$ cat target-v3.pdb   # PDB, C-alpha atoms
ATOM      1  CA  MET I   1       8.780 -22.034   6.092
ATOM      2  CA  SER I   2      10.988 -21.100   3.143
ATOM      3  CA  GLU I   3      10.283 -17.352   2.899
ATOM      4  CA  LYS I   4      13.689 -16.619   4.473
ATOM      5  CA  SER I   5      15.387 -17.804   1.315
ATOM      6  CA  ALA I   6      12.946 -16.148  -1.089
ATOM      7  CA  ALA I   7      14.393 -13.200  -2.980
ATOM      8  CA  LEU I   8      12.512  -9.959  -2.395
ATOM      9  CA  LYS I   9      11.712  -8.007  -5.544
ATOM     10  CA  GLN I  10      11.958  -4.621  -3.866
ATOM     11  CA  ASN I  11      15.065  -3.037  -2.403
ATOM     12  CA  PRO I  12      13.852  -0.998   0.612
ATOM     13  CA  HIS I  13      17.102   0.981   0.664
ATOM     14  CA  ARG I  14      16.885   2.124  -2.949
ATOM     15  CA  LEU I  15      16.228   5.815  -3.444
ATOM     16  CA  GLU I  16      14.077   5.812  -6.573
ATOM     17  CA  ARG I  17      15.080   9.259  -7.777
ATOM     18  CA  LEU I  18      18.551   9.518  -6.282
ATOM     19  CA  ASP I  19      20.238   6.223  -7.171
ATOM     20  CA  ARG I  20      21.809   7.947 -10.163
ATOM     21  CA  PRO I  21      22.797  11.559  -9.505
ATOM     22  CA  ASP I  22      22.477  12.443 -13.196
ATOM     23  CA  GLU I  23      18.769  11.554 -13.329
ATOM     24  CA  LYS I  24      16.530  14.532 -14.087
ATOM     25  CA  THR I  25      13.460  13.832 -12.012
ATOM     26  CA  LEU I  26      11.151  16.277 -13.837
ATOM     27  CA  GLU I  27      11.927  14.703 -17.217
ATOM     28  CA  LEU I  28      11.468  11.229 -15.766
ATOM     29  CA  SER I  29       8.104  12.179 -14.273
ATOM     30  CA  ILE I  30       6.892  13.657 -17.561
ATOM     31  CA  GLY I  31       8.117  10.602 -19.457
ATOM     32  CA  ARG I  32       6.315   8.181 -17.157
ATOM     33  CA  GLU I  33       3.062  10.129 -17.514
ATOM     34  CA  VAL I  34       3.301  10.313 -21.319
ATOM     35  CA  LYS I  35       3.914   6.569 -21.474
ATOM     36  CA  ALA I  36       1.059   5.802 -19.052
ATOM     37  CA  PHE I  37      -1.449   7.933 -21.013
ATOM     38  CA  ARG I  38      -0.301   6.381 -24.306
ATOM     39  CA  LYS I  39      -0.737   2.847 -22.993
ATOM     40  CA  LYS I  40      -4.100   3.699 -21.460
ATOM     41  CA  LEU I  41      -5.302   4.592 -24.948
ATOM     42  CA  GLY I  42      -3.820   1.401 -26.383
ATOM     43  CA  LEU I  43      -1.421   3.306 -28.630
ATOM     44  CA  THR I  44       2.027   2.191 -29.720
ATOM     45  CA  VAL I  45       4.907   4.658 -29.928
ATOM     46  CA  ALA I  46       4.497   4.497 -33.718
ATOM     47  CA  ASP I  47       0.784   5.362 -33.395
ATOM     48  CA  LEU I  48       1.589   8.379 -31.244
ATOM     49  CA  SER I  49       4.312   9.407 -33.663
ATOM     50  CA  ASP I  50       1.816   9.339 -36.547
ATOM     51  CA  ALA I  51      -0.706  11.369 -34.538
ATOM     52  CA  THR I  52       1.750  14.054 -33.421
ATOM     53  CA  GLY I  53       4.425  14.215 -36.099
ATOM     54  CA  ILE I  54       7.050  13.658 -33.396
ATOM     55  CA  SER I  55       9.613  11.057 -34.396
ATOM     56  CA  ILE I  56       9.636   7.639 -32.749
ATOM     57  CA  GLY I  57      13.179   8.286 -31.541
ATOM     58  CA  MET I  58      12.196  11.567 -29.876
ATOM     59  CA  LEU I  59       9.121   9.986 -28.252
ATOM     60  CA  SER I  60      11.310   7.195 -26.910
ATOM     61  CA  LYS I  61      13.669   9.768 -25.394
ATOM     62  CA  ILE I  62      10.744  11.648 -23.834
ATOM     63  CA  GLU I  63       9.199   8.511 -22.322
ATOM     64  CA  ASN I  64      12.550   7.440 -20.873
ATOM     65  CA  GLY I  65      13.277  10.853 -19.381
ATOM     66  CA  MET I  66      16.286  11.397 -21.600
ATOM     67  CA  THR I  67      15.260  14.805 -22.898
ATOM     68  CA  SER I  68      13.354  17.854 -21.734
ATOM     69  CA  PRO I  69      10.355  18.342 -24.077
ATOM     70  CA  SER I  70       9.493  21.892 -25.104
ATOM     71  CA  LEU I  71       6.168  23.484 -24.225
ATOM     72  CA  THR I  72       5.125  23.165 -27.877
ATOM     73  CA  THR I  73       5.894  19.425 -27.778
ATOM     74  CA  LEU I  74       3.901  19.022 -24.563
ATOM     75  CA  GLN I  75       0.957  20.872 -26.121
ATOM     76  CA  THR I  76       1.071  18.537 -29.120
ATOM     77  CA  LEU I  77       1.204  15.465 -26.867
ATOM     78  CA  SER I  78      -1.619  16.704 -24.639
ATOM     79  CA  ALA I  79      -3.851  17.246 -27.677
ATOM     80  CA  ALA I  80      -3.091  13.791 -29.089
ATOM     81  CA  LEU I  81      -3.583  12.039 -25.737
ATOM     82  CA  GLY I  82      -6.649  14.062 -24.739
ATOM     83  CA  VAL I  83      -5.268  15.316 -21.417
ATOM     84  CA  GLN I  84      -4.345  18.654 -19.888
ATOM     85  CA  ILE I  85      -0.677  19.679 -20.040
ATOM     86  CA  SER I  86      -0.693  19.857 -16.225
ATOM     87  CA  SER I  87      -1.377  16.093 -16.162
ATOM     88  CA  PHE I  88       2.220  15.470 -17.245
ATOM     89  CA  PHE I  89       3.492  17.126 -14.039
ATOM     90  CA  ARG I  90       1.196  15.512 -11.502
ATOM     91  CA  GLU I  91       3.705  12.895 -10.264
ATOM     92  CA  TYR I  92       6.462  15.464  -9.934
ATOM     93  CA  GLU I  93       4.258  17.862  -7.961
ATOM     94  CA  GLU I  94       2.441  15.245  -5.897
ATOM     95  CA  THR I  95       2.823  15.635  -2.147
ATOM     96  CA  ARG I  96       3.758  12.449  -0.292
ATOM     97  CA  SER I  97       2.021  12.271   3.069
ATOM     98  CA  ALA I  98       3.071  10.810   6.394
ATOM     99  CA  VAL I  99       1.160  10.359   9.637
ATOM    100  CA  HIS I 100       2.921  10.541  13.000
ATOM    101  CA  VAL I 101       1.017   9.132  15.980
ATOM    102  CA  LYS I 102       2.627   9.544  19.391
ATOM    103  CA  ALA I 103       2.500   6.786  21.986
ATOM    104  CA  GLY I 104      -0.954   6.466  23.487
ATOM    105  CA  GLU I 105      -2.545   8.840  20.977
ATOM    106  CA  GLY I 106      -4.004   6.305  18.536
ATOM    107  CA  LEU I 107      -7.651   6.867  17.653
ATOM    108  CA  GLU I 108      -9.878   4.497  19.602
ATOM    109  CA  ILE I 109     -12.483   3.135  17.219
ATOM    110  CA  GLU I 110     -15.013   0.360  16.882
ATOM    111  CA  ARG I 111     -14.489  -1.513  13.646
ATOM    112  CA  ARG I 112     -17.454  -2.949  11.805
ATOM    113  CA  GLY I 113     -17.994  -6.489  13.078
ATOM    114  CA  SER I 114     -15.860  -5.991  16.193
ATOM    115  CA  ARG I 115     -16.938  -7.712  19.398
ATOM    116  CA  ALA I 116     -17.258  -6.681  23.024
ATOM    117  CA  GLY I 117     -13.929  -6.057  24.705
ATOM    118  CA  HIS I 118     -11.932  -5.825  21.464
ATOM    119  CA  GLN I 119     -10.159  -2.495  21.816
ATOM    120  CA  TYR I 120      -8.943  -1.111  18.477
ATOM    121  CA  SER I 121      -6.523   1.796  18.368
ATOM    122  CA  LEU I 122      -5.997   3.102  14.819
ATOM    123  CA  LEU I 123      -2.313   4.088  14.489
ATOM    124  CA  GLY I 124      -2.516   5.982  11.213
ATOM    125  CA  HIS I 125      -4.465   6.438   8.015
ATOM    126  CA  LEU I 126      -3.714   7.804   4.554
ATOM    127  CA  GLY I 127      -6.548   8.448   2.114
ATOM    128  CA  GLY I 128      -5.824   8.507  -1.586
ATOM    129  CA  ASN I 129      -2.186   7.670  -2.221
ATOM    130  CA  SER I 130       0.106   6.595  -5.032
ATOM    131  CA  SER I 131       0.440   2.951  -3.963
ATOM    132  CA  GLY I 132      -3.032   1.805  -5.005
ATOM    133  CA  LEU I 133      -3.448   0.235  -1.557
ATOM    134  CA  MET I 134      -5.284   1.177   1.609
ATOM    135  CA  VAL I 135      -3.505   0.140   4.797
ATOM    136  CA  GLU I 136      -5.044   0.165   8.285
ATOM    137  CA  PRO I 137      -2.601  -0.353  11.185
ATOM    138  CA  TYR I 138      -4.231  -1.169  14.526
ATOM    139  CA  MET I 139      -3.078  -1.887  18.058
ATOM    140  CA  ILE I 140      -5.584  -4.426  19.399
ATOM    141  CA  THR I 141      -6.017  -5.214  23.085
ATOM    142  CA  LEU I 142      -8.016  -8.132  24.451
ATOM    143  CA  THR I 143      -8.913  -8.413  28.159
ATOM    144  CA  SER I 144     -10.989 -10.640  30.395
ATOM    145  CA  ASP I 145     -14.073  -8.840  29.055
ATOM    146  CA  SER I 146     -13.294  -9.738  25.449
ATOM    147  CA  ASP I 147     -15.389 -12.163  23.453
ATOM    148  CA  VAL I 148     -13.722 -14.900  21.443
ATOM    149  CA  PHE I 149     -14.839 -14.447  17.869
ATOM    150  CA  PRO I 150     -13.010 -16.476  15.180
ATOM    151  CA  THR I 151     -15.289 -15.437  12.304
ATOM    152  CA  PHE I 152     -14.054 -12.013  11.209
ATOM    153  CA  GLN I 153     -14.018 -11.873   7.430
ATOM    154  CA  HIS I 154     -13.116  -9.001   5.093
ATOM    155  CA  ASP I 155     -11.246  -8.137   1.902
ATOM    156  CA  GLY I 156      -7.468  -7.952   1.672
ATOM    157  CA  LEU I 157      -4.497  -9.294   3.590
ATOM    158  CA  GLU I 158      -3.798  -9.062   7.321
ATOM    159  CA  PHE I 159      -0.589  -9.247   9.325
ATOM    160  CA  LEU I 160      -0.547  -9.855  13.086
ATOM    161  CA  TYR I 161       2.397  -9.399  15.458
ATOM    162  CA  VAL I 162       1.907 -10.366  19.106
ATOM    163  CA  LEU I 163       3.377  -8.025  21.718
ATOM    164  CA  GLU I 164       1.883  -9.348  24.940
ATOM    165  CA  GLY I 165      -0.081 -12.360  26.216
ATOM    166  CA  GLU I 166      -0.967 -15.590  24.459
ATOM    167  CA  VAL I 167      -3.862 -16.392  22.165
ATOM    168  CA  GLU I 168      -5.066 -19.241  20.006
ATOM    169  CA  TYR I 169      -5.900 -17.530  16.733
ATOM    170  CA  ARG I 170      -7.974 -19.294  14.131
ATOM    171  CA  HIS I 171      -7.712 -18.818  10.373
ATOM    172  CA  GLY I 172     -10.007 -20.983   8.316
ATOM    173  CA  SER I 173      -9.719 -24.526   9.635
ATOM    174  CA  ASN I 174      -6.326 -23.972  11.305
ATOM    175  CA  ALA I 175      -5.565 -22.719  14.826
ATOM    176  CA  TYR I 176      -2.279 -21.033  15.765
ATOM    177  CA  HIS I 177      -0.896 -20.663  19.281
ATOM    178  CA  LEU I 178       0.607 -17.167  19.241
ATOM    179  CA  LYS I 179       3.042 -15.816  21.840
ATOM    180  CA  PRO I 180       4.959 -12.516  22.078
ATOM    181  CA  GLY I 181       7.191 -12.158  19.019
ATOM    182  CA  ASP I 182       5.041 -14.502  16.901
ATOM    183  CA  SER I 183       3.418 -13.258  13.707
ATOM    184  CA  LEU I 184       0.677 -14.447  11.388
ATOM    185  CA  TYR I 185       0.100 -13.260   7.820
ATOM    186  CA  PHE I 186      -3.026 -14.381   5.987
ATOM    187  CA  ASP I 187      -5.763 -13.864   3.415
ATOM    188  CA  ALA I 188      -8.465 -12.032   5.357
ATOM    189  CA  ASN I 189     -11.278 -13.378   3.149
ATOM    190  CA  ALA I 190     -11.170 -16.586   5.212
ATOM    191  CA  PRO I 191     -12.925 -16.555   8.622
ATOM    192  CA  HIS I 192     -10.412 -15.600  11.317
ATOM    193  CA  GLY I 193     -10.104 -14.273  14.834
ATOM    194  CA  PRO I 194      -9.154 -15.119  18.441
ATOM    195  CA  ASP I 195     -10.431 -18.568  19.381
ATOM    196  CA  LYS I 196      -9.009 -18.952  22.917
ATOM    197  CA  LEU I 197      -7.578 -16.264  25.200
ATOM    198  CA  LEU I 198      -4.733 -18.133  26.889
ATOM    199  CA  GLN I 199      -2.877 -15.424  28.803
ATOM    200  CA  LEU I 200      -4.329 -11.963  29.441
ATOM    201  CA  PRO I 201      -4.033  -9.176  28.631
ATOM    202  CA  ILE I 202      -3.317  -9.818  24.971
ATOM    203  CA  ARG I 203      -1.947  -7.039  22.799
ATOM    204  CA  PHE I 204      -1.006  -7.339  19.152
ATOM    205  CA  LEU I 205      -0.359  -5.205  16.097
ATOM    206  CA  SER I 206      -2.731  -5.794  13.184
ATOM    207  CA  ILE I 207      -2.021  -4.383   9.717
ATOM    208  CA  ILE I 208      -4.785  -4.766   7.136
ATOM    209  CA  SER I 209      -4.223  -3.926   3.462
ATOM    210  CA  TYR I 210      -6.666  -3.951   0.571
ATOM    211  CA  PRO I 211      -7.010  -2.370  -2.905
ATOM    212  CA  GLN I 212      -7.806   1.314  -2.969
ATOM    213  CA  LYS I 213     -11.227   1.988  -4.484
ATOM    214  CA  ASP I 214     -11.524   4.492  -7.324
TER     215      ASP I 214
END

$ encode --input "target-v3.pdb" --output "structure tokens"
Amino acid sequence: MSEKSAALKQNPHRLERLDRPDEKTLELSIGREVKAFRKKLGLTVADLSDATGISIGMLSKIENGMTSPSLTTLQTLSAALGVQISSFFREYEETRSAVHVKAGEGLEIERRGSRAGHQYSLLGHLGGNSSGLMVEPYMITLTSDSDVFPTFQHDGLEFLYVLEGEVEYRHGSNAYHLKPGDSLYFDANAPHGPDKLLQLPIRFLSIISYPQKD
């Protein structure tokens, strides 16, 4: 597998708003919102300039967070873009959430389509968020009472990481012998699930991600 050599597009250590100490985060947030609303309407910078009387150069500075627009300028932009002035501040004021689940305190649930003996412990959940994705992290335990059921099928992507036991896990037409430390990452639209329980108990982390619905 060649993923080890593939360059990742994201730097997990980058601090988006702190990489450059001179960045003014409020101006940047306003600029990003102005640009997003303009593009949503299919307007060019020149179009917005014509509609507002604000020069192209000034609009470029606003969208790139290089200047602090006056309240009058924001009122003019809000009228031209058809949004409330407060909309320009939503990213800056948005609260970023985190969920902390202590050991053994995951919510025991029964997922739709789950089978007898498949114990799902939900480790965290965020509702609407800025990523555009919904992510469901589960700790799954299989015991001697668990059914084998290799035909789960749902939207999104799924990542498995085996912590304990051994299982033959099927995805589509392929079967994978998974041991502690092994992982499997796949398109969850294909039928998948445990095919053979080889060494019990089996415990693995499952992380499911799919697009956030409007």

$ residues_around --input "target-v3.pdb" --residues "Gly181 in chain I" --least-positions-apart "4" --cutoff "9 Å" --atoms "all atoms listed in the file" --output "number ranges by chain"
I: 161-164

$ atom_distance --input "target-v3.pdb" --atom1 "CA of Gln119 in chain I" --atom2 "CA of Leu142 in chain I"
6.6 Å

$ resolve_selection --input "target-v3.pdb" --expression "the PyMOL selection byres ((chain I and resi 82-84) around 12)" --output "ChimeraX atom specification"
/I:33-34,36-38,40-41,48,51,74-81,85-90

$ resolve_selection --input "target-v3.pdb" --expression "the PyMOL selection byres ((chain I and resi 166) around 10)" --output "list in words"
Val162, Leu163, Glu164, Gly165, Val167, Glu168, Tyr169, His177, Leu178, Lys179, Pro180, Asp182, Lys196, Leu197, Leu198, Gln199, Leu200, Pro201, Ile202, Arg203 and Phe204 of chain I

$ write_last_selection --input "target-v3.pdb" --atoms "C-alpha atoms" --output "tab-separated table (two decimals), in the coordinates of the input"
chain	number	residue	atom	x	y	z
I	162	VAL	CA	1.91	-10.37	19.11
I	163	LEU	CA	3.38	-8.02	21.72
I	164	GLU	CA	1.88	-9.35	24.94
I	165	GLY	CA	-0.08	-12.36	26.22
I	167	VAL	CA	-3.86	-16.39	22.16
I	168	GLU	CA	-5.07	-19.24	20.01
I	169	TYR	CA	-5.90	-17.53	16.73
I	177	HIS	CA	-0.90	-20.66	19.28
I	178	LEU	CA	0.61	-17.17	19.24
I	179	LYS	CA	3.04	-15.82	21.84
I	180	PRO	CA	4.96	-12.52	22.08
I	182	ASP	CA	5.04	-14.50	16.90
I	196	LYS	CA	-9.01	-18.95	22.92
I	197	LEU	CA	-7.58	-16.26	25.20
I	198	LEU	CA	-4.73	-18.13	26.89
I	199	GLN	CA	-2.88	-15.42	28.80
I	200	LEU	CA	-4.33	-11.96	29.44
I	201	PRO	CA	-4.03	-9.18	28.63
I	202	ILE	CA	-3.32	-9.82	24.97
I	203	ARG	CA	-1.95	-7.04	22.80
I	204	PHE	CA	-1.01	-7.34	19.15

$ atom_distance --input "target-v3.pdb" --atom1 "CA of Asp50 in chain I" --atom2 "CA of Thr25 in chain I"
27.5 Å

$ atom_distance --input "target-v3.pdb" --atom1 "CA of Tyr138 in chain I" --atom2 "CA of Phe159 in chain I"
10.3 Å

$ residues_around --input "target-v3.pdb" --residues "range 172-175 of chain I" --least-positions-apart "3" --cutoff "9 Å" --atoms "only C-alpha atoms" --output "list in words"
Pro150, Thr151, Glu168, Tyr169, Ala190, Pro191, His192 and Asp195 of chain I

$ write_last_selection --input "target-v3.pdb" --atoms "C-alpha atoms" --output "PDB file, in the frame of the given file"
ATOM      1  CA  PRO I 150     -13.010 -16.476  15.180  1.00  0.00           C
ATOM      2  CA  THR I 151     -15.289 -15.437  12.304  1.00  0.00           C
ATOM      3  CA  GLU I 168      -5.066 -19.241  20.006  1.00  0.00           C
ATOM      4  CA  TYR I 169      -5.900 -17.530  16.733  1.00  0.00           C
ATOM      5  CA  ALA I 190     -11.170 -16.586   5.212  1.00  0.00           C
ATOM      6  CA  PRO I 191     -12.925 -16.555   8.622  1.00  0.00           C
ATOM      7  CA  HIS I 192     -10.412 -15.600  11.317  1.00  0.00           C
ATOM      8  CA  ASP I 195     -10.431 -18.568  19.381  1.00  0.00           C
TER       9      ASP I 195
END

$ residues_around --input "target-v3.pdb" --residues "Gln153 in chain I" --least-positions-apart "4" --cutoff "12 Å" --atoms "all atoms listed in the file" --output "PyMOL selection string"
chain I and resi 112-114+149+157-158+170-172+186-193+208

$ residues_near_point --input "target-v3.pdb" --point "(16.3, 16.7, -19.9)" --cutoff "8 Å" --atoms "all atoms listed in the file" --output "PyMOL selection string"
chain I and resi 24+26-27+65-69
